[in-house]
Amino acid sequence: MTSPLRILALTGALALGLTACKKPQEQAAPPPPDVGVIEAKAQTLPLQRELVGRLSPFRSADVRARVSGVLLKRAYEEGSVVKEGQLLFQIDPAPLRASLASAEAALAAARASHANARTTAERARSLAPQSYVSKSDLDNAEAAERTTAASVQQAQAAVATARINLGYANVTSPIAGVAGKQQVTEGALVGQGEATLLTTVDQVDPLYVNFSMTADELSALRAAQDKGAVALAGDGRTTVQVNLPDGTPYTHQGTLDFSATTVDPATGAVSLRAQLPNPERTLLPGSFVSFKANLGERKDAFLIPQQAVLRDTRGGYVLVVGSDGNVVRKDVVLDGQQNGSWLVSSGLAGGDKVIVSGVQKVKEGAPAKPSPWQPAAAQPAAKPAAAPAPAK
């Protein structure tokens, strides 16, 4: 029969054994994972949009033959820069000179007739008080004077028209710009029944950037402006930064100078246009360009590194270390990228500790140990390993 003392000793040994087993289990619980966080700070950021537009000349003028005749020569080099008023083509002026001479002769005849009629009328007016001429003869003489005076004016207009037509024989550039390809060869009859197109002159400095935005997007921006979240710049202050085909930014910035007030029913978009300097003539009209439009400012926005933003079926979200040290999910609204970071327009509050590195180690509701996040580029480079000593 077991004594009470032996039973008490066995019970104490069993308790000590259970305590010894429990301590290793408690020590095996992992510590909270280390994560790199940034503090969310509300900022006033540029309101930018990535868009695509098409370039067009600032001014484009069709050079046409305004009188009929045979084209004698071309006086410019195709594709060269021409000045306003520079001679481009010459039409045979001989028939036009003959027309001018005929008009001048008709004017001389009209002036002679008017001089004779004026003399006759003056004689009749001087003899009328003595009743040497009848009232009817005086009226006829004065009527002939007025008629010949009108004929002189008509002949003067014909002479002016003939001189204008003779001036049209020298076809000049209406604007300064780049002259295009010749459309009609020398020796061709031009201006016969219609104003024949000879070439086109385009002013390529500056250029227009034509683009469009959907009516829904513009309505959303204006609604955000009414709420105070957005401040739109408007015409004359909105700038555009064009990217060249190799991805580098263009040297000069453009400025929005026109926005339509109606929506195109075919596309559901609103047409906009920006003016872009092109002094080096790097850009060519007709080409498509991608550009970034600064439409104004967005207030109370956050810039979050790309690796901190996650996505699932509910949309974009970030993980935040709460005040109790536990991880909390926050759904966010993204509004594009700026400088390699996501722009968050809503869903965050100032002071939130957003997890950037170590996102894979944490779970929602679990604790985490935050520390300031350092970008990879800012971290000190690892020291190179020492070279092995040469063998003896």
# chains A, B, ... in the order shown; residues from 1 in each chain; ligands from 1
$ select_by_dssp --residues "stretch 203-261 of chain A" --states "strand (DSSP E or B)" --output "list in words"
Gln203, Val204, Asp205, Pro206, Leu207, Tyr208, Val209, Asn210, Phe211, Ser212, Met213, Thr214, Val230, Ala231, Leu232, Thr239, Val240, Gln241, Val242, Asn243, Pro249, Gly254, Thr255, Leu256, Asp257, Phe258 and Ser259 of chain A
$ residues_around --residues "A:Phe288" --least-positions-apart "3" --cutoff "8 Å" --atoms "only C-alpha atoms" --output "VMD selection string"
chain A and resid 52 to 55
$ write_last_selection --atoms "N, CA, C and O atoms" --output "PDB file, in the first residue's frame"
ATOM      1  N   VAL A  52      -3.459  61.607 -75.283  1.00  0.00           N
ATOM      2  CA  VAL A  52      -2.880  61.499 -76.622  1.00  0.00           C
ATOM      3  C   VAL A  52      -3.566  62.529 -77.503  1.00  0.00           C
ATOM      4  O   VAL A  52      -4.799  62.684 -77.459  1.00  0.00           O
ATOM      5  N   GLY A  53      -2.780  63.252 -78.279  1.00  0.00           N
ATOM      6  CA  GLY A  53      -3.337  64.265 -79.167  1.00  0.00           C
ATOM      7  C   GLY A  53      -2.667  64.232 -80.524  1.00  0.00           C
ATOM      8  O   GLY A  53      -1.696  63.501 -80.742  1.00  0.00           O
ATOM      9  N   ARG A  54      -3.195  65.028 -81.424  1.00  0.00           N
ATOM     10  CA  ARG A  54      -2.643  65.107 -82.777  1.00  0.00           C
ATOM     11  C   ARG A  54      -2.216  66.541 -83.060  1.00  0.00           C
ATOM     12  O   ARG A  54      -2.932  67.486 -82.733  1.00  0.00           O
ATOM     13  N   LEU A  55      -1.050  66.684 -83.681  1.00  0.00           N
ATOM     14  CA  LEU A  55      -0.502  67.995 -83.981  1.00  0.00           C
ATOM     15  C   LEU A  55      -1.087  68.525 -85.287  1.00  0.00           C
ATOM     16  O   LEU A  55      -1.320  67.764 -86.233  1.00  0.00           O
TER      17      LEU A  55
END
$ closest_residue --among "A:Pro245, A:Pro32, A:Pro305, A:Gly79" --to "A:Val321" --atoms "only C-alpha atoms"
A:Pro32
$ atom_distance --atom1 "atom CA of A:Ala150" --atom2 "atom CA of A:Pro95"
27.0 Å
$ atom_distance --atom1 "atom CA of A:Ser68" --atom2 "atom CA of A:Leu107"
23.5 Å
$ closest_residue --among "A:Lys83, A:Leu166, A:Gln130, A:Arg237" --to "A:Ala101" --atoms "only C-alpha atoms"
A:Leu166
$ residues_around --residues "A:Pro279" --least-positions-apart "2" --cutoff "9 Å" --atoms "only C-alpha atoms" --output "list in words"
Val204, Asp205, Pro206, Pro277, Arg281 and Thr282 of chain A
$ closest_residue --among "A:Leu295, A:Leu276, A:Val344, A:Val67" --to "A:Gly316" --atoms "only C-alpha atoms"
A:Val344
$ closest_residue --among "A:Gly36, A:Pro285, A:Pro31, A:Gly85" --to "A:Lys353" --atoms "only C-alpha atoms"
A:Gly36
$ atom_distance --atom1 "atom CA of A:Val81" --atom2 "atom CA of A:Ala188"
25.0 Å
$ select_by_dssp --residues "stretch 43-225 of chain A" --states "helix (DSSP H, G or I)" --output "PyMOL selection string"
chain A and resi 94-130+135-167+215-225
$ closest_residue --among "A:Gln241, A:Ala112, A:Thr200, A:Val332" --to "A:Glu78" --atoms "only C-alpha atoms"
A:Thr200
$ residues_around --residues "A:Ser212" --least-positions-apart "5" --cutoff "7 Å" --atoms "only C-alpha atoms" --output "list of chain:residue names"
A:Ala269, A:Val270, A:Ser271, A:Leu272
$ residues_around --residues "stretch 368-374 of chain A" --least-positions-apart "2" --cutoff "12 Å" --atoms "only C-alpha atoms" --output "PyMOL selection string"
chain A and resi 30-40+304-305+307-308+319-328+352-366+376-380
$ write_last_selection --atoms "C-alpha atoms" --output "PDB file, in the first residue's frame"
ATOM      1  CA  PRO A  30       7.008  34.000 -33.082  1.00  0.00           C
ATOM      2  CA  PRO A  31       7.486  37.746 -32.481  1.00  0.00           C
ATOM      3  CA  PRO A  32       5.562  40.337 -34.564  1.00  0.00           C
ATOM      4  CA  PRO A  33       7.129  40.733 -38.021  1.00  0.00           C
ATOM      5  CA  ASP A  34       9.180  43.826 -38.816  1.00  0.00           C
ATOM      6  CA  VAL A  35       7.636  46.041 -41.506  1.00  0.00           C
ATOM      7  CA  GLY A  36       8.696  49.297 -43.146  1.00  0.00           C
ATOM      8  CA  VAL A  37       6.043  52.000 -43.005  1.00  0.00           C
ATOM      9  CA  ILE A  38       5.583  55.572 -44.189  1.00  0.00           C
ATOM     10  CA  GLU A  39       3.401  58.180 -42.582  1.00  0.00           C
ATOM     11  CA  ALA A  40       0.631  59.315 -44.892  1.00  0.00           C
ATOM     12  CA  ILE A 304       1.964  56.149 -51.811  1.00  0.00           C
ATOM     13  CA  PRO A 305       4.781  53.919 -53.184  1.00  0.00           C
ATOM     14  CA  GLN A 307       4.566  48.355 -53.761  1.00  0.00           C
ATOM     15  CA  ALA A 308       2.334  49.440 -50.862  1.00  0.00           C
ATOM     16  CA  LEU A 319      -2.389  47.749 -45.040  1.00  0.00           C
ATOM     17  CA  VAL A 320      -1.938  50.121 -42.135  1.00  0.00           C
ATOM     18  CA  VAL A 321      -0.468  49.563 -38.664  1.00  0.00           C
ATOM     19  CA  GLY A 322      -3.091  50.862 -36.268  1.00  0.00           C
ATOM     20  CA  SER A 323      -2.581  52.599 -32.945  1.00  0.00           C
ATOM     21  CA  ASP A 324      -2.924  49.221 -31.153  1.00  0.00           C
ATOM     22  CA  GLY A 325      -0.099  47.723 -33.236  1.00  0.00           C
ATOM     23  CA  ASN A 326      -2.404  45.504 -35.319  1.00  0.00           C
ATOM     24  CA  VAL A 327      -2.671  45.508 -39.100  1.00  0.00           C
ATOM     25  CA  VAL A 328      -5.778  47.142 -40.582  1.00  0.00           C
ATOM     26  CA  ASP A 352      -1.711  56.584 -41.108  1.00  0.00           C
ATOM     27  CA  LYS A 353       1.289  54.230 -41.009  1.00  0.00           C
ATOM     28  CA  VAL A 354       1.115  52.550 -44.394  1.00  0.00           C
ATOM     29  CA  ILE A 355       3.075  49.316 -44.756  1.00  0.00           C
ATOM     30  CA  VAL A 356       5.442  49.453 -47.732  1.00  0.00           C
ATOM     31  CA  SER A 357       7.922  46.630 -47.140  1.00  0.00           C
ATOM     32  CA  GLY A 358       7.086  43.317 -45.491  1.00  0.00           C
ATOM     33  CA  VAL A 359       3.515  43.263 -46.750  1.00  0.00           C
ATOM     34  CA  GLN A 360       3.796  39.529 -47.364  1.00  0.00           C
ATOM     35  CA  LYS A 361       4.662  38.872 -43.691  1.00  0.00           C
ATOM     36  CA  VAL A 362       1.580  40.397 -42.080  1.00  0.00           C
ATOM     37  CA  LYS A 363      -2.059  39.491 -41.842  1.00  0.00           C
ATOM     38  CA  GLU A 364      -5.061  41.648 -41.245  1.00  0.00           C
ATOM     39  CA  GLY A 365      -5.765  41.851 -37.530  1.00  0.00           C
ATOM     40  CA  ALA A 366      -2.344  40.468 -36.557  1.00  0.00           C
ATOM     41  CA  ALA A 376      16.088  50.744 -51.957  1.00  0.00           C
ATOM     42  CA  ALA A 377      17.994  53.553 -53.693  1.00  0.00           C
ATOM     43  CA  ALA A 378      18.558  55.333 -50.349  1.00  0.00           C
ATOM     44  CA  GLN A 379      19.891  52.290 -48.525  1.00  0.00           C
ATOM     45  CA  PRO A 380      23.698  52.147 -48.219  1.00  0.00           C
TER      46      PRO A 380
END
$ residues_around --residues "A:Leu283" --least-positions-apart "3" --cutoff "9 Å" --atoms "only C-alpha atoms" --output "list of chain:residue names"
A:Leu55, A:Val204, A:Leu207, A:Leu244, A:Asn278, A:Glu280, A:Ser287
$ closest_residue --among "A:Ala215, A:Leu348, A:Leu71, A:Leu87" --to "A:Thr262" --atoms "only C-alpha atoms"
A:Ala215
